[in-house]
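**Student:** Structure file target22.json, JSON, N, CA, C and O atoms, is pasted below:
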[["chain", "number", "residue", "atom", "x", "y", "z"],
["O", 1, "MET", "N", 23.09, 36.89, 25.21],
["O", 1, "MET", "CA", 22.39, 35.87, 24.47],
["O", 1, "MET", "C", 23.25, 35.44, 23.30],
["O", 1, "MET", "O", 23.86, 36.27, 22.64],
["O", 2, "GLN", "N", 23.30, 34.17, 23.06],
["O", 2, "GLN", "CA", 24.06, 33.65, 21.93],
["O", 2, "GLN", "C", 23.13, 33.38, 20.76],
["O", 2, "GLN", "O", 21.95, 33.09, 20.94],
["O", 3, "SER", "N", 23.67, 33.51, 19.55],
["O", 3, "SER", "CA", 22.92, 33.25, 18.34],
["O", 3, "SER", "C", 23.85, 32.51, 17.38],
["O", 3, "SER", "O", 25.05, 32.43, 17.62],
["O", 4, "VAL", "N", 23.28, 31.97, 16.32],
["O", 4, "VAL", "CA", 24.06, 31.20, 15.35],
["O", 4, "VAL", "C", 24.02, 31.91, 14.00],
["O", 4, "VAL", "O", 22.97, 32.36, 13.55],
["O", 5, "ILE", "N", 25.18, 32.01, 13.37],
["O", 5, "ILE", "CA", 25.29, 32.58, 12.03],
["O", 5, "ILE", "C", 24.86, 31.51, 11.04],
["O", 5, "ILE", "O", 25.28, 30.36, 11.12],
["O", 6, "LYS", "N", 24.01, 31.91, 10.08],
["O", 6, "LYS", "CA", 23.52, 30.96, 9.07],
["O", 6, "LYS", "C", 23.83, 31.49, 7.67],
["O", 6, "LYS", "O", 23.95, 32.70, 7.46],
["O", 7, "LYS", "N", 23.94, 30.57, 6.73],
["O", 7, "LYS", "CA", 24.16, 30.92, 5.33],
["O", 7, "LYS", "C", 22.88, 31.48, 4.74],
["O", 7, "LYS", "O", 21.80, 30.97, 4.97],
["O", 8, "TRP", "N", 22.99, 32.58, 3.97],
["O", 8, "TRP", "CA", 21.86, 33.19, 3.29],
["O", 8, "TRP", "C", 22.36, 33.61, 1.92],
["O", 8, "TRP", "O", 23.01, 34.65, 1.77],
["O", 9, "GLY", "N", 22.12, 32.80, 0.92],
["O", 9, "GLY", "CA", 22.69, 33.02, -0.41],
["O", 9, "GLY", "C", 24.19, 32.91, -0.31],
["O", 9, "GLY", "O", 24.71, 31.93, 0.22],
["O", 10, "ASN", "N", 24.92, 33.92, -0.81],
["O", 10, "ASN", "CA", 26.38, 33.92, -0.72],
["O", 10, "ASN", "C", 26.86, 34.64, 0.54],
["O", 10, "ASN", "O", 28.06, 34.79, 0.75],
["O", 11, "SER", "N", 25.93, 35.11, 1.36],
["O", 11, "SER", "CA", 26.28, 35.87, 2.56],
["O", 11, "SER", "C", 25.99, 35.05, 3.81],
["O", 11, "SER", "O", 25.47, 33.94, 3.73],
["O", 12, "LEU", "N", 26.34, 35.62, 4.93],
["O", 12, "LEU", "CA", 26.00, 35.03, 6.21],
["O", 12, "LEU", "C", 24.98, 35.93, 6.89],
["O", 12, "LEU", "O", 24.99, 37.16, 6.72],
["O", 13, "ALA", "N", 24.09, 35.35, 7.66],
["O", 13, "ALA", "CA", 23.03, 36.12, 8.31],
["O", 13, "ALA", "C", 23.02, 35.87, 9.81],
["O", 13, "ALA", "O", 23.33, 34.77, 10.28],
["O", 14, "LEU", "N", 22.68, 36.89, 10.53],
["O", 14, "LEU", "CA", 22.53, 36.81, 11.98],
["O", 14, "LEU", "C", 21.08, 37.13, 12.31],
["O", 14, "LEU", "O", 20.59, 38.20, 11.95],
["O", 15, "ARG", "N", 20.41, 36.23, 12.99],
["O", 15, "ARG", "CA", 19.02, 36.46, 13.37],
["O", 15, "ARG", "C", 18.98, 37.27, 14.66],
["O", 15, "ARG", "O", 19.69, 36.98, 15.61],
["O", 16, "ILE", "N", 18.14, 38.28, 14.67],
["O", 16, "ILE", "CA", 17.96, 39.11, 15.86],
["O", 16, "ILE", "C", 16.74, 38.58, 16.59],
["O", 16, "ILE", "O", 15.65, 38.52, 16.01],
["O", 17, "PRO", "N", 16.90, 38.18, 17.84],
["O", 17, "PRO", "CA", 15.75, 37.65, 18.59],
["O", 17, "PRO", "C", 14.60, 38.66, 18.62],
["O", 17, "PRO", "O", 14.80, 39.87, 18.71],
["O", 18, "ALA", "N", 13.38, 38.14, 18.53],
["O", 18, "ALA", "CA", 12.18, 38.99, 18.49],
["O", 18, "ALA", "C", 12.11, 39.93, 19.69],
["O", 18, "ALA", "O", 11.71, 41.09, 19.56],
["O", 19, "SER", "N", 12.51, 39.45, 20.86],
["O", 19, "SER", "CA", 12.43, 40.30, 22.06],
["O", 19, "SER", "C", 13.37, 41.49, 21.94],
["O", 19, "SER", "O", 13.03, 42.61, 22.36],
["O", 20, "TYR", "N", 14.55, 41.30, 21.35],
["O", 20, "TYR", "CA", 15.49, 42.41, 21.17],
["O", 20, "TYR", "C", 14.93, 43.40, 20.15],
["O", 20, "TYR", "O", 14.98, 44.61, 20.35],
["O", 21, "ALA", "N", 14.41, 42.88, 19.04],
["O", 21, "ALA", "CA", 13.85, 43.74, 18.00],
["O", 21, "ALA", "C", 12.70, 44.56, 18.56],
["O", 21, "ALA", "O", 12.60, 45.76, 18.30],
["O", 22, "LYS", "N", 11.84, 43.94, 19.33],
["O", 22, "LYS", "CA", 10.70, 44.64, 19.91],
["O", 22, "LYS", "C", 11.16, 45.73, 20.87],
["O", 22, "LYS", "O", 10.62, 46.84, 20.87],
["O", 23, "ASP", "N", 12.17, 45.44, 21.69],
["O", 23, "ASP", "CA", 12.66, 46.41, 22.68],
["O", 23, "ASP", "C", 13.13, 47.71, 22.03],
["O", 23, "ASP", "O", 12.98, 48.78, 22.61],
["O", 24, "ILE", "N", 13.71, 47.63, 20.84],
["O", 24, "ILE", "CA", 14.23, 48.85, 20.20],
["O", 24, "ILE", "C", 13.42, 49.27, 18.98],
["O", 24, "ILE", "O", 13.77, 50.23, 18.30],
["O", 25, "GLY", "N", 12.33, 48.56, 18.70],
["O", 25, "GLY", "CA", 11.44, 48.97, 17.63],
["O", 25, "GLY", "C", 11.87, 48.57, 16.23],
["O", 25, "GLY", "O", 11.43, 49.18, 15.26],
["O", 26, "LEU", "N", 12.72, 47.56, 16.09],
["O", 26, "LEU", "CA", 13.10, 47.08, 14.76],
["O", 26, "LEU", "C", 11.97, 46.29, 14.15],
["O", 26, "LEU", "O", 11.31, 45.51, 14.84],
["O", 27, "THR", "N", 11.73, 46.50, 12.86],
["O", 27, "THR", "CA", 10.73, 45.73, 12.13],
["O", 27, "THR", "C", 11.34, 45.26, 10.82],
["O", 27, "THR", "O", 12.45, 45.68, 10.46],
["O", 28, "ASN", "N", 10.62, 44.42, 10.11],
["O", 28, "ASN", "CA", 11.09, 43.94, 8.81],
["O", 28, "ASN", "C", 11.33, 45.15, 7.92],
["O", 28, "ASN", "O", 10.46, 46.00, 7.75],
["O", 29, "GLY", "N", 12.52, 45.27, 7.37],
["O", 29, "GLY", "CA", 12.86, 46.39, 6.50],
["O", 29, "GLY", "C", 13.57, 47.54, 7.19],
["O", 29, "GLY", "O", 13.96, 48.49, 6.54],
["O", 30, "SER", "N", 13.72, 47.47, 8.52],
["O", 30, "SER", "CA", 14.44, 48.52, 9.23],
["O", 30, "SER", "C", 15.87, 48.59, 8.71],
["O", 30, "SER", "O", 16.50, 47.57, 8.44],
["O", 31, "GLU", "N", 16.38, 49.81, 8.58],
["O", 31, "GLU", "CA", 17.76, 50.00, 8.13],
["O", 31, "GLU", "C", 18.70, 50.05, 9.33],
["O", 31, "GLU", "O", 18.36, 50.62, 10.36],
["O", 32, "VAL", "N", 19.87, 49.40, 9.19],
["O", 32, "VAL", "CA", 20.87, 49.39, 10.25],
["O", 32, "VAL", "C", 22.23, 49.72, 9.66],
["O", 32, "VAL", "O", 22.47, 49.55, 8.47],
["O", 33, "ASP", "N", 23.12, 50.22, 10.51],
["O", 33, "ASP", "CA", 24.52, 50.45, 10.15],
["O", 33, "ASP", "C", 25.33, 49.34, 10.79],
["O", 33, "ASP", "O", 25.19, 49.06, 11.99],
["O", 34, "ILE", "N", 26.20, 48.71, 10.00],
["O", 34, "ILE", "CA", 27.06, 47.64, 10.51],
["O", 34, "ILE", "C", 28.50, 48.12, 10.43],
["O", 34, "ILE", "O", 28.94, 48.63, 9.40],
["O", 35, "SER", "N", 29.23, 47.96, 11.54],
["O", 35, "SER", "CA", 30.64, 48.35, 11.54],
["O", 35, "SER", "C", 31.46, 47.29, 12.28],
["O", 35, "SER", "O", 30.92, 46.50, 13.04],
["O", 36, "ILE", "N", 32.75, 47.31, 12.01],
["O", 36, "ILE", "CA", 33.67, 46.36, 12.66],
["O", 36, "ILE", "C", 34.80, 47.15, 13.29],
["O", 36, "ILE", "O", 35.38, 48.04, 12.66],
["O", 37, "LEU", "N", 35.11, 46.83, 14.53],
["O", 37, "LEU", "CA", 36.22, 47.44, 15.24],
["O", 37, "LEU", "C", 36.84, 46.38, 16.14],
["O", 37, "LEU", "O", 36.15, 45.81, 17.00],
["O", 38, "ASP", "N", 38.11, 46.09, 15.95],
["O", 38, "ASP", "CA", 38.82, 45.09, 16.76],
["O", 38, "ASP", "C", 38.07, 43.76, 16.81],
["O", 38, "ASP", "O", 37.82, 43.20, 17.88],
["O", 39, "LYS", "N", 37.68, 43.25, 15.64],
["O", 39, "LYS", "CA", 36.99, 41.97, 15.51],
["O", 39, "LYS", "C", 35.64, 41.93, 16.24],
["O", 39, "LYS", "O", 35.16, 40.87, 16.62],
["O", 40, "THR", "N", 35.04, 43.10, 16.47],
["O", 40, "THR", "CA", 33.72, 43.19, 17.09],
["O", 40, "THR", "C", 32.77, 43.79, 16.07],
["O", 40, "THR", "O", 33.04, 44.85, 15.51],
["O", 41, "ILE", "N", 31.66, 43.11, 15.82],
["O", 41, "ILE", "CA", 30.65, 43.62, 14.91],
["O", 41, "ILE", "C", 29.64, 44.43, 15.70],
["O", 41, "ILE", "O", 29.13, 43.98, 16.73],
["O", 42, "SER", "N", 29.35, 45.61, 15.22],
["O", 42, "SER", "CA", 28.38, 46.49, 15.87],
["O", 42, "SER", "C", 27.24, 46.75, 14.89],
["O", 42, "SER", "O", 27.48, 47.10, 13.73],
["O", 43, "VAL", "N", 26.01, 46.59, 15.36],
["O", 43, "VAL", "CA", 24.83, 46.85, 14.54],
["O", 43, "VAL", "C", 24.03, 47.94, 15.23],
["O", 43, "VAL", "O", 23.61, 47.79, 16.37],
["O", 44, "LYS", "N", 23.81, 49.06, 14.53],
["O", 44, "LYS", "CA", 23.06, 50.19, 15.10],
["O", 44, "LYS", "C", 21.93, 50.57, 14.17],
["O", 44, "LYS", "O", 22.06, 50.46, 12.96],
["O", 45, "CYS", "N", 20.84, 51.06, 14.74],
["O", 45, "CYS", "CA", 19.73, 51.55, 13.92],
["O", 45, "CYS", "C", 20.23, 52.73, 13.10],
["O", 45, "CYS", "O", 20.82, 53.65, 13.65],
["O", 46, "ALA", "N", 20.00, 52.70, 11.80],
["O", 46, "ALA", "CA", 20.44, 53.77, 10.93],
["O", 46, "ALA", "C", 19.54, 54.99, 11.07],
["O", 46, "ALA", "O", 19.98, 56.12, 10.97],
["O", 47, "ILE", "N", 18.27, 54.76, 11.31],
["O", 47, "ILE", "CA", 17.29, 55.83, 11.46],
["O", 47, "ILE", "C", 16.70, 55.70, 12.85],
["O", 47, "ILE", "O", 16.32, 54.60, 13.27],
["O", 48, "PRO", "N", 16.62, 56.80, 13.59],
["O", 48, "PRO", "CA", 16.03, 56.70, 14.93],
["O", 48, "PRO", "C", 14.65, 56.06, 14.87],
["O", 48, "PRO", "O", 13.84, 56.38, 14.01],
["O", 49, "VAL", "N", 14.41, 55.13, 15.76],
["O", 49, "VAL", "CA", 13.15, 54.40, 15.79],
["O", 49, "VAL", "C", 12.16, 55.15, 16.66],
["O", 49, "VAL", "O", 12.49, 55.59, 17.76],
["O", 50, "LYS", "N", 10.93, 55.33, 16.16],
["O", 50, "LYS", "CA", 9.90, 55.97, 16.96],
["O", 50, "LYS", "C", 9.41, 55.00, 18.02],
["O", 50, "LYS", "O", 9.07, 53.86, 17.71],
["O", 51, "LYS", "N", 9.43, 55.44, 19.22],
["O", 51, "LYS", "CA", 8.95, 54.61, 20.31],
["O", 51, "LYS", "C", 7.43, 54.74, 20.39],
["O", 51, "LYS", "O", 6.89, 55.83, 20.36],
["O", 52, "VAL", "N", 6.76, 53.62, 20.45],
["O", 52, "VAL", "CA", 5.31, 53.62, 20.55],
["O", 52, "VAL", "C", 4.94, 53.68, 22.02],
["O", 52, "VAL", "O", 5.40, 52.88, 22.83],
["O", 53, "HIS", "N", 4.13, 54.66, 22.37],
["O", 53, "HIS", "CA", 3.71, 54.84, 23.75],
["O", 53, "HIS", "C", 2.34, 54.22, 23.96],
["O", 53, "HIS", "O", 1.48, 54.31, 23.10],
["O", 54, "SER", "N", 2.15, 53.61, 25.11],
["O", 54, "SER", "CA", 0.83, 53.08, 25.45],
["O", 54, "SER", "C", 0.14, 54.06, 26.39],
["O", 54, "SER", "O", 0.79, 54.80, 27.14],
["O", 55, "LEU", "N", -1.18, 54.05, 26.38],
["O", 55, "LEU", "CA", -1.94, 54.92, 27.26],
["O", 55, "LEU", "C", -1.61, 54.63, 28.72],
["O", 55, "LEU", "O", -1.44, 55.54, 29.52],
["O", 56, "THR", "N", -1.45, 53.36, 29.05],
["O", 56, "THR", "CA", -1.14, 52.98, 30.42],
["O", 56, "THR", "C", 0.17, 53.61, 30.88],
["O", 56, "THR", "O", 0.24, 54.20, 31.97],
["O", 57, "ASN", "N", 1.21, 53.53, 30.05],
["O", 57, "ASN", "CA", 2.51, 54.11, 30.43],
["O", 57, "ASN", "C", 2.45, 55.63, 30.48],
["O", 57, "ASN", "O", 3.08, 56.25, 31.34],
["O", 58, "LEU", "N", 1.69, 56.24, 29.58],
["O", 58, "LEU", "CA", 1.57, 57.70, 29.61],
["O", 58, "LEU", "C", 0.85, 58.16, 30.87],
["O", 58, "LEU", "O", 1.22, 59.16, 31.49],
["O", 59, "LEU", "N", -0.19, 57.44, 31.27],
["O", 59, "LEU", "CA", -0.96, 57.82, 32.46],
["O", 59, "LEU", "C", -0.18, 57.65, 33.76],
["O", 59, "LEU", "O", -0.49, 58.29, 34.75],
["O", 60, "LYS", "N", 0.84, 56.81, 33.74],
["O", 60, "LYS", "CA", 1.68, 56.63, 34.94],
["O", 60, "LYS", "C", 2.37, 57.94, 35.32],
["O", 60, "LYS", "O", 2.70, 58.15, 36.48],
["O", 61, "GLY", "N", 2.58, 58.82, 34.34],
["O", 61, "GLY", "CA", 3.25, 60.09, 34.61],
["O", 61, "GLY", "C", 2.33, 61.20, 35.10],
["O", 61, "GLY", "O", 2.78, 62.27, 35.46],
["O", 62, "VAL", "N", 1.03, 60.94, 35.12],
["O", 62, "VAL", "CA", 0.07, 61.97, 35.55],
["O", 62, "VAL", "C", -0.02, 61.96, 37.08],
["O", 62, "VAL", "O", -0.15, 60.91, 37.70],
["O", 63, "ASN", "N", 0.06, 63.15, 37.67],
["O", 63, "ASN", "CA", -0.09, 63.26, 39.12],
["O", 63, "ASN", "C", -0.84, 64.55, 39.44],
["O", 63, "ASN", "O", -1.25, 65.28, 38.54],
["O", 64, "GLY", "N", -1.02, 64.83, 40.69],
["O", 64, "GLY", "CA", -1.79, 65.98, 41.11],
["O", 64, "GLY", "C", -1.22, 67.32, 40.69],
["O", 64, "GLY", "O", -1.94, 68.32, 40.61],
["O", 65, "THR", "N", 0.08, 67.39, 40.40],
["O", 65, "THR", "CA", 0.68, 68.67, 40.03],
["O", 65, "THR", "C", 0.70, 68.93, 38.52],
["O", 65, "THR", "O", 0.91, 70.05, 38.10],
["O", 66, "ASN", "N", 0.50, 67.89, 37.72],
["O", 66, "ASN", "CA", 0.55, 68.12, 36.27],
["O", 66, "ASN", "C", -0.74, 67.76, 35.54],
["O", 66, "ASN", "O", -0.79, 67.80, 34.32],
["O", 67, "ILE", "N", -1.79, 67.43, 36.27],
["O", 67, "ILE", "CA", -3.06, 67.10, 35.62],
["O", 67, "ILE", "C", -3.79, 68.39, 35.27],
["O", 67, "ILE", "O", -3.76, 69.36, 36.01],
["O", 68, "HIS", "N", -4.42, 68.40, 34.11],
["O", 68, "HIS", "CA", -5.13, 69.59, 33.65],
["O", 68, "HIS", "C", -6.57, 69.56, 34.11],
["O", 68, "HIS", "O", -7.19, 68.51, 34.25],
["O", 69, "ARG", "N", -7.11, 70.75, 34.34],
["O", 69, "ARG", "CA", -8.51, 70.87, 34.74],
["O", 69, "ARG", "C", -9.40, 70.73, 33.51],
["O", 69, "ARG", "O", -8.95, 70.85, 32.38],
["O", 70, "GLU", "N", -10.69, 70.54, 33.77],
["O", 70, "GLU", "CA", -11.67, 70.52, 32.70],
["O", 70, "GLU", "C", -11.77, 71.92, 32.10],
["O", 70, "GLU", "O", -11.69, 72.92, 32.81],
["O", 71, "ILE", "N", -11.94, 72.00, 30.81],
["O", 71, "ILE", "CA", -12.03, 73.28, 30.12],
["O", 71, "ILE", "C", -13.43, 73.43, 29.54],
["O", 71, "ILE", "O", -13.92, 72.55, 28.83],
["O", 72, "ASN", "N", -14.09, 74.55, 29.83],
["O", 72, "ASN", "CA", -15.41, 74.81, 29.30],
["O", 72, "ASN", "C", -15.26, 75.41, 27.90],
["O", 72, "ASN", "O", -14.68, 76.48, 27.73],
["O", 73, "THR", "N", -15.78, 74.72, 26.91],
["O", 73, "THR", "CA", -15.68, 75.20, 25.54],
["O", 73, "THR", "C", -16.99, 75.80, 25.04],
["O", 73, "THR", "O", -17.15, 76.05, 23.85],
["O", 74, "GLY", "N", -17.95, 75.99, 25.95],
["O", 74, "GLY", "CA", -19.22, 76.61, 25.58],
["O", 74, "GLY", "C", -20.30, 75.58, 25.31],
["O", 74, "GLY", "O", -20.10, 74.37, 25.43],
["O", 75, "ASP", "N", -21.46, 76.08, 24.95],
["O", 75, "ASP", "CA", -22.60, 75.22, 24.65],
["O", 75, "ASP", "C", -22.39, 74.51, 23.32],
["O", 75, "ASP", "O", -21.69, 75.01, 22.44],
["O", 76, "PRO", "N", -23.08, 73.33, 23.16],
["O", 76, "PRO", "CA", -23.01, 72.63, 21.88],
["O", 76, "PRO", "C", -23.56, 73.51, 20.75],
["O", 76, "PRO", "O", -24.53, 74.24, 20.95],
["O", 77, "ILE", "N", -22.93, 73.43, 19.58],
["O", 77, "ILE", "CA", -23.40, 74.24, 18.46],
["O", 77, "ILE", "C", -23.80, 73.37, 17.27],
["O", 77, "ILE", "O", -24.28, 73.87, 16.27],
["O", 78, "GLY", "N", -23.59, 72.10, 17.37],
["O", 78, "GLY", "CA", -23.95, 71.18, 16.28],
["O", 78, "GLY", "C", -24.83, 70.08, 16.81],
["O", 78, "GLY", "O", -25.73, 70.32, 17.60],
["O", 79, "GLN", "N", -24.53, 68.85, 16.40],
["O", 79, "GLN", "CA", -25.34, 67.71, 16.83],
["O", 79, "GLN", "C", -24.56, 66.84, 17.82],
["O", 79, "GLN", "O", -24.68, 65.63, 17.80],
["O", 80, "GLU", "N", -23.77, 67.48, 18.66],
["O", 80, "GLU", "CA", -23.02, 66.73, 19.66],
["O", 80, "GLU", "C", -23.99, 66.05, 20.61],
["O", 80, "GLU", "O", -25.07, 66.56, 20.89],
["O", 81, "THR", "N", -23.60, 64.89, 21.10],
["O", 81, "THR", "CA", -24.42, 64.20, 22.10],
["O", 81, "THR", "C", -23.64, 64.08, 23.38],
["O", 81, "THR", "O", -22.41, 63.98, 23.39],
["O", 82, "TRP", "N", -24.32, 64.12, 24.49],
["O", 82, "TRP", "CA", -23.68, 64.03, 25.80],
["O", 82, "TRP", "C", -24.05, 62.79, 26.47],
["O", 82, "TRP", "O", -24.89, 62.25, 26.78]]
Take the structure in the file and give it back as structure tokens.

**Tutor:**
Amino acid sequence: MQSVIKKWGNSLALRIPASYAKDIGLTNGSEVDISILDKTISVKCAIPVKKVHSLTNLLKGVNGTNIHREINTGDPIGQETW
């Protein structure tokens, strides 16, 4: 994907497409490390990004060999409702 460098004060800025930021969990204020090697700019997350898991994706990993049985915790002792 191509992007355009824009002026931002006395510096230049590179916009990161929203789809890229979402894929790796970047948000406003995320810290990154910028380095240059052989005229190539590299931008890496400075702090590991926590991946947000969805219930749907987590349930995809459940199968007959790793599903847990129901556990009996005894009779209700408070005002639990069933």

**Student:** Any chance you could list, as an MDAnalysis selection string, the residues in chain O that come up alpha helix (DSSP H) when DSSP is run on the backbone?

**Tutor:** chainID O and resid 18:24 55:59

**Student:** If I take atom CA of Leu55 of chain O and atom CA of Ala18 of chain O, how far is one from the other in Å, to one decimal?

**Tutor:**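 Between atom CA of Leu55 of chain O and atom CA of Ala18 of chain O the gap works out to 23.0 Å.
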
**Student:** Which one is closest to Asp23 of chain O: O:Asp38, O:Ala46, O:Arg69, O:Lys51? Count all atoms listed in the file.

**Tutor:**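 Closest to Asp23 of chain O, using all atoms listed in the file: O:Lys51.
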
**Student:** Please, what distance in Å, to one decimal, runs between atom N of Met1 of chain O and atom CA of Leu14 of chain O?

**Tutor:**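 So the two atoms, atom N of Met1 of chain O and atom CA of Leu14 of chain O, lie 13.2 Å apart.
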
**Student:** Atom C of Gln2 of chain O and atom N of His53 of chain O are how many Å apart?

**Tutor:**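 Those two atoms sit 28.6 Å apart.
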
**Student:** From the list O:Ala21, O:Thr73, O:Cys45, O:Val62, which residue is nearest Asp33 of chain O when using only C-alpha atoms?

**Tutor:**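 Answer, going by the shortest atom-to-atom distance: O:Cys45.
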
**Student:** Just asking: which residues within chain O are strand (DSSP E or B) according to DSSP, as a list in words?

**Tutor:**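 So, restricting chain O to strand (DSSP E or B), we get Ile5, Lys6, Lys7, Trp8, Ser11, Leu12, Ala13, Leu14, Val32, Asp33, Ile34, Ser35, Ile36, Leu37, Thr40, Ile41, Ser42, Val43, Lys44 and Cys45 of chain O.
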
**Student:** Which protein, DNA or RNA residues are at most 10 Å from (27.0, 44.1, 7.9) in the file's coordinates when you count only C-alpha atoms, listed as a ChimeraX atom specification?

**Tutor:** /O:11-14,32-36,41-43
